[in-house]
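J.: Got coords21.tsv for you, TSV, C-alpha atoms:
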chain	number	residue	atom	x	y	z
A	1	MET	CA	2.17	14.88	-13.83
A	2	THR	CA	5.08	12.49	-13.41
A	3	SER	CA	4.50	8.94	-12.26
A	4	THR	CA	6.33	9.37	-8.94
A	5	ASN	CA	4.62	7.40	-6.19
A	6	ARG	CA	3.89	10.18	-3.73
A	7	PRO	CA	2.27	8.23	-0.86
A	8	LEU	CA	5.37	6.00	-0.91
A	9	ASN	CA	7.61	9.09	-0.60
A	10	ARG	CA	5.70	10.21	2.46
A	11	LEU	CA	5.55	6.73	3.97
A	12	PHE	CA	9.32	6.36	3.55
A	13	LEU	CA	10.00	9.76	5.16
A	14	ALA	CA	7.63	8.97	8.04
A	15	VAL	CA	9.26	5.58	8.69
A	16	VAL	CA	12.79	7.06	8.62
A	17	GLY	CA	11.60	9.87	10.90
A	18	LEU	CA	10.13	7.39	13.39
A	19	VAL	CA	13.34	5.32	13.34
A	20	PHE	CA	15.40	8.47	14.03
A	21	LEU	CA	13.06	9.43	16.89
A	22	ALA	CA	13.36	5.94	18.38
A	23	VAL	CA	17.17	5.93	18.07
A	24	GLY	CA	17.32	9.39	19.67
A	25	ALA	CA	15.11	8.29	22.57
A	26	PHE	CA	17.21	5.14	22.96
A	27	LEU	CA	20.47	7.14	23.12
A	28	VAL	CA	19.04	9.56	25.68
A	29	ALA	CA	17.68	6.69	27.78
A	30	ALA	CA	21.02	4.89	27.62
A	31	ALA	CA	23.03	7.87	28.86
A	32	LEU	CA	20.73	9.13	31.63
A	33	PRO	CA	22.60	9.15	34.95
A	34	GLY	CA	21.75	6.58	37.59
A	35	ARG	CA	21.06	2.89	37.08
A	36	SER	CA	19.75	2.40	33.58
A	37	VAL	CA	17.84	-0.62	32.29
A	38	VAL	CA	18.77	0.36	28.74
A	39	ARG	CA	22.50	0.32	29.61
A	40	ASP	CA	22.18	-3.14	31.11
A	41	TRP	CA	20.43	-4.25	27.96
A	42	ILE	CA	23.24	-2.87	25.75
A	43	GLY	CA	25.76	-4.79	27.87
A	44	ARG	CA	23.82	-8.03	27.44
A	45	ALA	CA	23.43	-7.39	23.70
A	46	ARG	CA	27.20	-6.84	23.38
A	47	ASP	CA	27.93	-10.08	25.19
A	48	ALA	CA	25.43	-11.93	23.02
A	49	GLN	CA	27.08	-10.46	19.92
A	50	ASP	CA	30.52	-11.61	21.10
A	51	THR	CA	29.20	-15.13	21.67
A	52	ALA	CA	27.55	-15.17	18.24
A	53	LEU	CA	30.74	-13.97	16.54
A	54	LYS	CA	32.81	-16.70	18.27
A	55	SER	CA	30.36	-19.50	17.48
A	56	SER	CA	29.81	-18.60	13.82
A	57	ALA	CA	33.28	-19.18	12.42
A	58	ILE	CA	33.47	-20.21	8.79
A	59	GLY	CA	36.43	-22.50	9.53
A	60	GLN	CA	38.29	-21.87	6.26
A	61	PRO	CA	41.98	-20.92	5.98
A	62	ALA	CA	42.90	-17.24	6.48
A	63	PRO	CA	41.63	-14.69	5.68
A	64	PHE	CA	38.32	-16.57	5.87
A	65	ASP	CA	38.89	-17.85	9.39
A	66	GLY	CA	36.58	-15.36	11.14
A	67	SER	CA	32.83	-15.25	11.57
A	68	TYR	CA	30.45	-15.11	8.62
A	69	LEU	CA	28.32	-12.47	10.35
A	70	PRO	CA	30.38	-9.46	9.08
A	71	TRP	CA	30.00	-10.87	5.55
A	72	GLY	CA	26.25	-11.01	6.10
A	73	LEU	CA	26.28	-7.39	7.26
A	74	ALA	CA	28.26	-6.40	4.17
A	75	VAL	CA	25.73	-8.13	1.90
A	76	VAL	CA	22.82	-6.40	3.67
A	77	CYS	CA	24.57	-3.03	3.23
A	78	LEU	CA	25.14	-3.74	-0.47
A	79	VAL	CA	21.43	-4.50	-0.93
A	80	VAL	CA	20.48	-1.30	0.93
A	81	VAL	CA	22.82	0.75	-1.30
A	82	LEU	CA	21.38	-0.79	-4.47
A	83	VAL	CA	17.76	-0.29	-3.39
A	84	ALA	CA	18.40	3.31	-2.26
A	85	VAL	CA	20.19	4.25	-5.50
A	86	ILE	CA	17.50	2.66	-7.69
A	87	ALA	CA	14.73	4.34	-5.66
A	88	ALA	CA	16.51	7.70	-5.93
A	89	ILE	CA	16.92	7.39	-9.71
A	90	ALA	CA	13.43	6.02	-10.45
A	91	ARG	CA	11.67	9.34	-9.98
A	92	GLY	CA	9.85	11.53	-12.43
A	93	GLY	CA	9.34	9.60	-15.63
A	94	GLY	CA	6.02	8.84	-17.24
A	95	ARG	CA	6.75	10.85	-20.39
A	96	THR	CA	5.31	9.49	-23.60
A	97	ASP	CA	5.59	10.33	-27.30
A	98	ARG	CA	2.04	9.37	-28.39
A	99	VAL	CA	-1.26	11.16	-27.86
A	100	VAL	CA	-3.44	8.68	-29.71
A	101	GLU	CA	-3.04	4.95	-30.01
A	102	VAL	CA	-6.05	3.04	-31.36
A	103	ASP	CA	-6.40	-0.43	-32.81
A	104	GLU	CA	-8.74	-0.42	-35.79
A	105	PRO	CA	-9.77	-3.39	-37.93
A	106	ALA	CA	-7.65	-1.93	-40.72
A	107	GLY	CA	-4.59	-1.52	-38.49
A	108	ARG	CA	-3.11	0.52	-35.70
A	109	ILE	CA	-3.43	4.31	-35.58
A	110	VAL	CA	-0.75	6.26	-33.73
A	111	VAL	CA	-0.56	10.05	-33.50
A	112	SER	CA	2.75	11.41	-32.27
A	113	SER	CA	2.57	13.82	-29.34
A	114	GLN	CA	4.72	16.13	-31.44
A	115	PHE	CA	1.58	16.79	-33.49
A	116	ALA	CA	-0.45	17.99	-30.49
A	117	GLU	CA	2.50	19.96	-29.16
A	118	THR	CA	3.08	21.81	-32.43
A	119	ALA	CA	-0.64	22.52	-32.85
A	120	LEU	CA	-0.99	24.05	-29.38
A	121	VAL	CA	2.26	26.03	-29.55
A	122	ASP	CA	1.31	27.45	-32.97
A	123	ALA	CA	-2.14	28.42	-31.70
A	124	LEU	CA	-0.92	30.18	-28.56
A	125	GLN	CA	2.53	31.54	-29.36
A	126	PRO	CA	1.34	34.63	-31.31
A	127	ARG	CA	-0.61	35.99	-28.32
A	128	ARG	CA	0.89	39.10	-26.79
A	129	ASP	CA	0.18	38.11	-23.20
A	130	ILE	CA	2.03	34.80	-23.59
A	131	ALA	CA	5.80	35.01	-23.54
A	132	ALA	CA	6.45	31.32	-24.07
A	133	VAL	CA	4.50	28.10	-24.55
A	134	SER	CA	5.75	24.60	-23.99
A	135	VAL	CA	3.89	21.31	-24.18
A	136	ALA	CA	4.85	17.90	-22.82
A	137	SER	CA	3.03	14.58	-23.01
A	138	TYR	CA	2.73	12.20	-20.10
A	139	GLN	CA	1.33	8.76	-19.51
A	140	LEU	CA	-1.39	9.14	-16.86
A	141	LYS	CA	-3.21	6.06	-15.57
A	142	GLY	CA	-2.28	4.24	-18.74
A	143	ALA	CA	-3.63	6.95	-21.06
A	144	PRO	CA	-1.83	9.90	-22.63
A	145	ALA	CA	-2.24	13.39	-21.15
A	146	LEU	CA	-0.84	16.81	-22.06
A	147	LYS	CA	0.84	19.41	-19.91
A	148	LEU	CA	0.69	22.90	-21.36
A	149	ARG	CA	2.91	25.48	-19.71
A	150	LEU	CA	2.08	29.13	-20.42
A	151	ARG	CA	4.65	31.71	-19.38
A	152	LEU	CA	2.78	35.02	-19.22
A	153	THR	CA	4.30	38.44	-19.64
A	154	ALA	CA	4.44	40.25	-16.31
A	155	GLY	CA	1.11	41.66	-15.18
A	156	SER	CA	-1.09	39.85	-17.70
A	157	SER	CA	-4.30	38.35	-16.42
A	158	PRO	CA	-4.34	34.56	-16.65
A	159	VAL	CA	-8.00	34.46	-17.70
A	160	PRO	CA	-7.75	35.39	-21.42
A	161	ALA	CA	-4.72	33.14	-21.89
A	162	VAL	CA	-6.49	30.20	-20.25
A	163	ARG	CA	-9.60	30.83	-22.36
A	164	ALA	CA	-7.47	30.81	-25.52
A	165	ALA	CA	-5.81	27.59	-24.39
A	166	SER	CA	-9.22	26.05	-23.74
A	167	GLU	CA	-10.34	26.94	-27.27
A	168	ALA	CA	-7.13	25.59	-28.79
A	169	VAL	CA	-7.52	22.31	-26.90
A	170	THR	CA	-11.19	22.02	-27.93
A	171	GLY	CA	-10.05	22.44	-31.52
A	172	LEU	CA	-7.44	19.75	-31.02
A	173	ASP	CA	-10.12	17.44	-29.57
A	174	ALA	CA	-12.13	17.85	-32.79
A	175	VAL	CA	-9.08	16.96	-34.89
A	176	LEU	CA	-7.97	13.96	-32.85
A	177	GLY	CA	-11.45	12.54	-32.20
A	178	GLY	CA	-12.03	9.94	-29.54
A	179	PRO	CA	-12.30	10.70	-25.84
A	180	PRO	CA	-10.82	14.09	-24.89
A	181	LEU	CA	-7.24	14.05	-23.63
A	182	PRO	CA	-6.72	15.17	-20.05
A	183	VAL	CA	-4.91	18.52	-20.27
A	184	LEU	CA	-3.15	20.38	-17.50
A	185	VAL	CA	-2.49	24.08	-18.03
A	186	GLU	CA	0.24	25.50	-15.85
A	187	VAL	CA	0.31	29.31	-15.86
A	188	VAL	CA	3.67	30.62	-14.67
A	189	GLY	CA	5.03	34.13	-14.45
A	190	ALA	CA	7.75	36.01	-16.25
A	191	SER	CA	11.12	34.90	-15.02
A	192	PRO	CA	13.96	37.41	-14.65
A	193	VAL	CA	16.48	34.74	-15.65
A	194	ARG	CA	14.76	33.95	-18.94
A	195	PRO	CA	15.36	36.71	-21.43
A	196	GLY	CA	12.38	35.63	-23.56
A	197	ALA	CA	10.01	36.37	-20.70
A	198	ASP	CA	9.49	40.09	-20.73
A	199	SER	CA	9.43	41.32	-17.15
A	200	ARG	CA	9.37	45.02	-17.98
A	201	VAL	CA	5.67	45.20	-18.79
A	202	SER	CA	3.62	46.02	-15.71
B	1	MET	CA	-14.84	18.16	-13.43
B	2	SER	CA	-13.61	14.63	-13.93
B	3	SER	CA	-11.92	12.76	-11.10
B	4	LEU	CA	-8.79	12.56	-13.25
B	5	ASN	CA	-8.65	16.35	-13.47
B	6	ARG	CA	-9.13	16.60	-9.71
B	7	ARG	CA	-6.25	14.19	-9.22
B	8	ILE	CA	-4.04	16.21	-11.59
B	9	LEU	CA	-4.87	19.43	-9.74
B	10	ARG	CA	-4.18	17.87	-6.37
B	11	ARG	CA	-0.80	16.66	-7.52
B	12	GLU	CA	0.07	19.99	-9.12
B	13	THR	CA	-0.82	22.08	-6.05
B	14	HIS	CA	1.05	19.89	-3.56
B	15	SER	CA	4.70	19.03	-3.24
B	16	SER	CA	5.72	15.50	-4.21
B	17	ARG	CA	8.28	15.40	-1.36
B	18	SER	CA	10.71	13.92	-3.85
B	19	GLY	CA	13.50	16.32	-2.84
B	20	ALA	CA	13.53	15.25	0.80
B	21	THR	CA	13.16	11.59	-0.19
B	22	VAL	CA	16.13	11.75	-2.57
B	23	VAL	CA	18.29	13.45	0.09
B	24	VAL	CA	17.41	10.77	2.66
B	25	LEU	CA	18.00	7.99	0.12
B	26	VAL	CA	21.42	9.36	-0.88
B	27	VAL	CA	22.50	9.72	2.77
B	28	LEU	CA	21.21	6.20	3.46
B	29	ALA	CA	23.19	4.84	0.48
B	30	LEU	CA	26.40	6.58	1.61
B	31	VAL	CA	26.07	5.36	5.22
B	32	ALA	CA	25.26	1.81	4.09
B	33	ALA	CA	28.22	1.83	1.67
B	34	TYR	CA	30.58	2.91	4.44
B	35	VAL	CA	29.25	0.38	6.97
B	36	GLY	CA	29.47	-2.36	4.35
B	37	LEU	CA	33.09	-1.43	3.62
B	38	GLU	CA	33.97	-1.55	7.31
B	39	ALA	CA	32.18	-4.90	7.61
B	40	VAL	CA	34.36	-6.34	4.83
B	41	TYR	CA	37.52	-4.98	6.53
B	42	ASP	CA	36.37	-6.61	9.77
B	43	ALA	CA	35.53	-9.90	8.06
B	44	LEU	CA	39.01	-10.06	6.52
B	45	GLY	CA	40.56	-9.37	9.93
B	46	ARG	CA	42.04	-6.02	8.84
B	47	LYS	CA	42.23	-2.91	10.98
B	48	PRO	CA	39.10	-0.73	10.64
B	49	LEU	CA	39.33	2.53	8.65
B	50	LEU	CA	37.58	4.54	11.41
B	51	PHE	CA	35.55	2.15	13.52
B	52	SER	CA	34.31	-1.40	13.18
B	53	PRO	CA	30.52	-1.74	13.02
B	54	LEU	CA	30.88	-4.76	15.34
B	55	ASP	CA	32.26	-2.51	18.11
B	56	VAL	CA	29.26	-0.17	18.10
B	57	LEU	CA	27.49	-1.70	21.12
B	58	GLY	CA	30.68	-1.79	23.22
B	59	SER	CA	31.64	1.80	22.32
B	60	LEU	CA	28.10	2.98	23.02
B	61	LEU	CA	28.16	1.32	26.44
B	62	THR	CA	31.50	2.99	27.31
B	63	ALA	CA	30.36	6.37	26.03
B	64	ALA	CA	27.02	6.17	27.84
B	65	THR	CA	28.78	5.48	31.15
B	66	THR	CA	31.69	7.90	30.86
B	67	GLN	CA	30.42	10.68	28.58
B	68	GLY	CA	26.68	10.75	29.22
B	69	GLY	CA	26.23	14.40	28.15
B	70	LEU	CA	27.66	13.76	24.69
B	71	VAL	CA	25.44	10.72	24.09
B	72	ILE	CA	22.35	12.60	25.32
B	73	ALA	CA	23.17	15.49	22.96
B	74	ALA	CA	23.57	13.06	20.05
B	75	GLY	CA	20.25	11.46	20.99
B	76	ILE	CA	18.47	14.83	21.04
B	77	VAL	CA	19.91	15.82	17.66
B	78	THR	CA	18.86	12.47	16.17
B	79	GLY	CA	15.38	12.85	17.63
B	80	LEU	CA	15.02	16.38	16.23
B	81	LEU	CA	16.08	15.13	12.77
B	82	GLY	CA	13.42	12.44	13.05
B	83	LEU	CA	10.85	15.05	14.04
B	84	VAL	CA	11.75	17.19	10.99
B	85	LEU	CA	11.34	14.16	8.70
B	86	LEU	CA	7.97	13.34	10.30
B	87	VAL	CA	6.78	16.92	9.80
B	88	ILE	CA	7.87	16.79	6.14
B	89	ALA	CA	6.04	13.49	5.73
B	90	LEU	CA	2.79	14.56	7.37
B	91	THR	CA	2.28	18.22	6.40
B	92	PRO	CA	0.35	18.85	3.17
B	93	GLY	CA	3.24	20.68	1.48
B	94	ARG	CA	1.12	23.11	-0.52
B	95	ARG	CA	2.84	24.88	-3.37
B	96	GLY	CA	2.14	28.58	-3.99
B	97	ARG	CA	-0.51	27.94	-6.63
B	98	HIS	CA	-4.21	28.49	-7.18
B	99	THR	CA	-6.52	26.68	-9.54
B	100	LEU	CA	-9.07	28.09	-11.99
B	101	ASP	CA	-12.31	26.45	-13.03
B	102	ASP	CA	-12.47	25.54	-16.68
B	103	PRO	CA	-14.96	23.16	-18.34
B	104	ARG	CA	-12.25	21.46	-20.39
B	105	LEU	CA	-8.86	21.97	-18.71
B	106	ALA	CA	-7.21	21.46	-15.36
B	107	VAL	CA	-5.67	24.88	-14.68
B	108	VAL	CA	-3.07	25.85	-12.08
B	109	VAL	CA	-1.81	29.42	-11.76
B	110	ASP	CA	1.40	30.35	-9.97
B	111	ASP	CA	0.83	32.86	-7.16
B	112	GLN	CA	3.42	35.07	-8.88
B	113	VAL	CA	1.03	35.44	-11.82
B	114	VAL	CA	-1.91	36.14	-9.51
B	115	ALA	CA	0.08	38.87	-7.76
B	116	ALA	CA	1.42	40.46	-10.96
B	117	SER	CA	-2.01	40.56	-12.58
B	118	LEU	CA	-3.60	41.98	-9.43
B	119	ALA	CA	-0.87	44.62	-9.11
B	120	ARG	CA	-1.42	45.77	-12.68
B	121	THR	CA	-5.22	45.93	-12.35
B	122	THR	CA	-5.07	47.98	-9.17
B	123	ARG	CA	-2.34	50.21	-10.56
B	124	VAL	CA	-4.46	51.04	-13.59
B	125	ALA	CA	-7.54	51.58	-11.38
B	126	ALA	CA	-5.67	53.99	-9.10
B	127	ALA	CA	-3.83	55.68	-11.99
B	128	LEU	CA	-0.42	55.16	-10.42
B	129	ALA	CA	2.99	54.81	-12.01
B	130	PRO	CA	4.75	51.44	-12.36
B	131	GLY	CA	6.55	50.59	-9.15
B	132	GLN	CA	3.99	52.28	-6.92
B	133	VAL	CA	1.95	49.13	-6.40
B	134	SER	CA	3.23	45.83	-5.15
B	135	ALA	CA	1.19	42.74	-4.44
B	136	TRP	CA	1.81	39.60	-2.44
B	137	VAL	CA	-0.41	36.54	-2.55
B	138	SER	CA	-0.81	33.74	-0.04
B	139	ARG	CA	-3.32	30.88	-0.05
B	140	ARG	CA	-6.39	32.91	0.94
B	141	GLU	CA	-5.19	36.49	1.04
B	142	ALA	CA	-3.72	39.01	-1.37
B	143	ARG	CA	-2.02	42.05	0.09
B	144	VAL	CA	-1.73	45.05	-2.20
B	145	THR	CA	0.59	47.81	-1.01
B	146	ILE	CA	0.35	51.18	-2.72
B	147	THR	CA	2.90	53.95	-2.37
B	148	PRO	CA	1.20	57.24	-3.35
B	149	ALA	CA	3.15	60.24	-4.63
B	150	SER	CA	4.25	62.47	-1.78
B	151	GLY	CA	1.49	64.91	-0.84
B	152	ALA	CA	-1.18	63.06	-2.83
B	153	LEU	CA	-3.92	61.04	-1.20
B	154	ALA	CA	-4.51	57.47	-2.28
B	155	ASP	CA	-8.10	56.44	-2.99
B	156	VAL	CA	-7.90	53.25	-0.96
B	157	GLU	CA	-11.57	52.39	-1.37
B	158	ALA	CA	-11.41	52.54	-5.15
B	159	VAL	CA	-8.29	50.42	-5.18
B	160	GLN	CA	-9.85	47.94	-2.75
B	161	ALA	CA	-12.96	47.72	-4.94
B	162	ALA	CA	-10.86	47.22	-8.09
B	163	ALA	CA	-8.78	44.49	-6.45
B	164	SER	CA	-11.83	42.68	-5.05
B	165	ASP	CA	-13.64	42.90	-8.41
B	166	GLU	CA	-10.62	41.48	-10.22
B	167	LEU	CA	-10.28	38.56	-7.79
B	168	ALA	CA	-14.03	37.83	-7.90
B	169	ALA	CA	-14.07	37.99	-11.71
B	170	VAL	CA	-11.18	35.55	-12.09
B	171	GLY	CA	-12.46	33.13	-9.43
B	172	TYR	CA	-9.28	31.57	-8.07
B	173	ARG	CA	-9.63	28.51	-5.88
B	174	PRO	CA	-9.18	28.63	-2.94
B	175	ALA	CA	-10.78	32.08	-3.02
B	176	VAL	CA	-8.47	35.01	-2.37
B	177	THR	CA	-9.56	38.19	-0.56
B	178	ALA	CA	-7.79	41.47	-1.21
B	179	ASP	CA	-6.32	43.61	1.54
B	180	VAL	CA	-5.13	47.02	0.33
B	181	ARG	CA	-2.66	49.00	2.39
B	182	VAL	CA	-1.04	52.36	1.87
B	183	THR	CA	2.53	52.92	2.93
B	184	ARG	CA	3.07	55.64	5.55
B	185	SER	CA	5.64	57.50	3.50
B	186	GLY	CA	4.92	58.63	-0.05
B	187	LYS	CA	7.21	58.45	-3.05
B	188	LEU	CA	8.88	61.54	-4.47
B	189	GLY	CA	8.65	62.32	-8.15
B	190	ALA	CA	6.04	59.70	-8.92
Any chance you could put this one into structure tokens?
T.:
Amino acid sequence: MTSTNRPLNRLFLAVVGLVFLAVGAFLVAAALPGRSVVRDWIGRARDAQDTALKSSAIGQPAPFDGSYLPWGLAVVCLVVVLVAVIAAIARGGGRTDRVVEVDEPAGRIVVSSQFAETALVDALQPRRDIAAVSVASYQLKGAPALKLRLRLTAGSSPVPAVRAASEAVTGLDAVLGGPPLPVLVEVVGASPVRPGADSRVS
Amino acid sequence: MSSLNRRILRRETHSSRSGATVVVLVVLALVAAYVGLEAVYDALGRKPLLFSPLDVLGSLLTAATTQGGLVIAAGIVTGLLGLVLLVIALTPGRRGRHTLDDPRLAVVVDDQVVAASLARTTRVAAALAPGQVSAWVSRREARVTITPASGALADVEAVQAAASDELAAVGYRPAVTADVRVTRSGKLGA
């Protein structure tokens, strides 16, 4: 339910994969025995690079007497580092703390997501087939949505628990009014690492 | 079901590929940081730490002429890495989850829950002890393995019917068919 841009993830991986494939093919082509066009091209590129480095001097006193091209490369690398770090951090997200936000003539009405979370947890926690309930609120396409995670005791059927959740959410709809909130129910199993989740029942 | 619910379910049953993306981004950041550092060393006219990025073409030319095997091996490894990334990018990346139809909610169920619930239903139907039934669920198939007590016969048809009824009653999507098997060796003292 997070706001991660998934097509962008895949596009990025595909582009990097294609670049790696191209570099690999280039390396293989460059090292194949016999006369190689690619090797000749590398030689010409090296010579062109040497010429460019010689003709691009900054002309300042040392240590700034060399070419400005390495500085340009350093700046490009810095930008790449910044973009990569920001893109790596900007993942997940999309959480919100409001389930209702309406502007009325009399003023603005805001219902905290804590209200919906408490209501659903209180309604579902006493059930014997549910070991743990947790609720989180997300911003989905500009509107709030709920994610309800039900951890079942081992061997319980998901159907009664989901039906109970459906009833609880319908009740919440009646209380909140307005268009129904999108709700995701995630039914997960008892986990041996979580002592609250009873894995002995089977 | 609303299109929003369909979108939620699609996202919840498929991997976001964030893990692979973060790994690639971190590696990219490290490599770029190192190359940038070497570029600054080169620009200031200092000796490189390991290699100067400006020597790459010359070194590659030398290596390709004198140590062709090494360069070809490096090229193959790079190409394979690229292939792996392409496969990650293009495969659907389904998570082990099934969805349930509900008029109000978008429901996803972990395959672990499907298997545990199926194992219990069939165990009760076959009147077996805990630990004599194990279940394993994939996208379209559920395999239930029963270990009868030594010397006793397992009523496979009853168990198969119970498992199929349970799966049909719940209505997972994509639909799961049950396949009941009996182990060749029984269990003592069960």
J.: Please work out which residues fall within 9 Å of (32.2, -3.2, 2.4), coordinates as given in the file, with only C-alpha atoms counting, and return them as an NGL selection string.
T.: (:A and (71 or 73-75 or 77-78)) or (:B and (32-41))
J.: Which residues, written as a list in words, have at least one atom at most 10 Å from Leu54 (chain B), with only C-alpha atoms counted and residues fewer than 2 positions away on the same chain left out?
T.: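 Non-adjacent residues within range: Arg46, Gln49, Asp50, Leu53, Leu69, Pro70 and Leu73 of chain A; Val35, Glu38, Ala39, Asp42, Phe51, Ser52, Val56, Leu57, Gly58 and Ser59 of chain B.
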J.: Define the interface residues of chain B facing chain A as those within 6 Å, counting only C-alpha atoms, and report them as a VMD selection string.
T.: chain B and resid 16 22 25 29 32 36 39 43 to 44 57 64 68 72 75 to 76 78 to 79 82 85 to 86 89 105 to 110 112 to 113 116 to 117 120
J.: Report the distance between CA of Val176 (chain B) and CA of Ser138 (chain B) in Å, rounded to one decimal place.
T.: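 Atom-to-atom, CA of Val176 (chain B) to CA of Ser138 (chain B), that is 8.1 Å.
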J.: Would you work out the distance separating CA of Ala106 (chain A) from CA of Tyr138 (chain A), expressed in Å to one decimal?
T.: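 Separation of CA of Ala106 (chain A) and CA of Tyr138 (chain A): 27.1 Å.
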J.: To one decimal place, how far is CA of Val114 (chain B) from CA of Ala135 (chain B) in Å?
T.: 8.9 Å
J.: Do a neighbour search on His14 (chain B) at 6 Å with all atoms listed in the file, toss out local chain neighbours closer than 4 positions, and write the hits as an MDAnalysis selection string.
T.: chainID B and resid 93:95
J.: Can you list, as an MDAnalysis selection string, every protein, DNA or RNA residue that comes within 12 Å of region 107-110 of chain A when you count only C-alpha atoms, leaving out same-chain residues fewer than 4 positions away?
T.: chainID A and resid 97:103 114:115 144 176:178
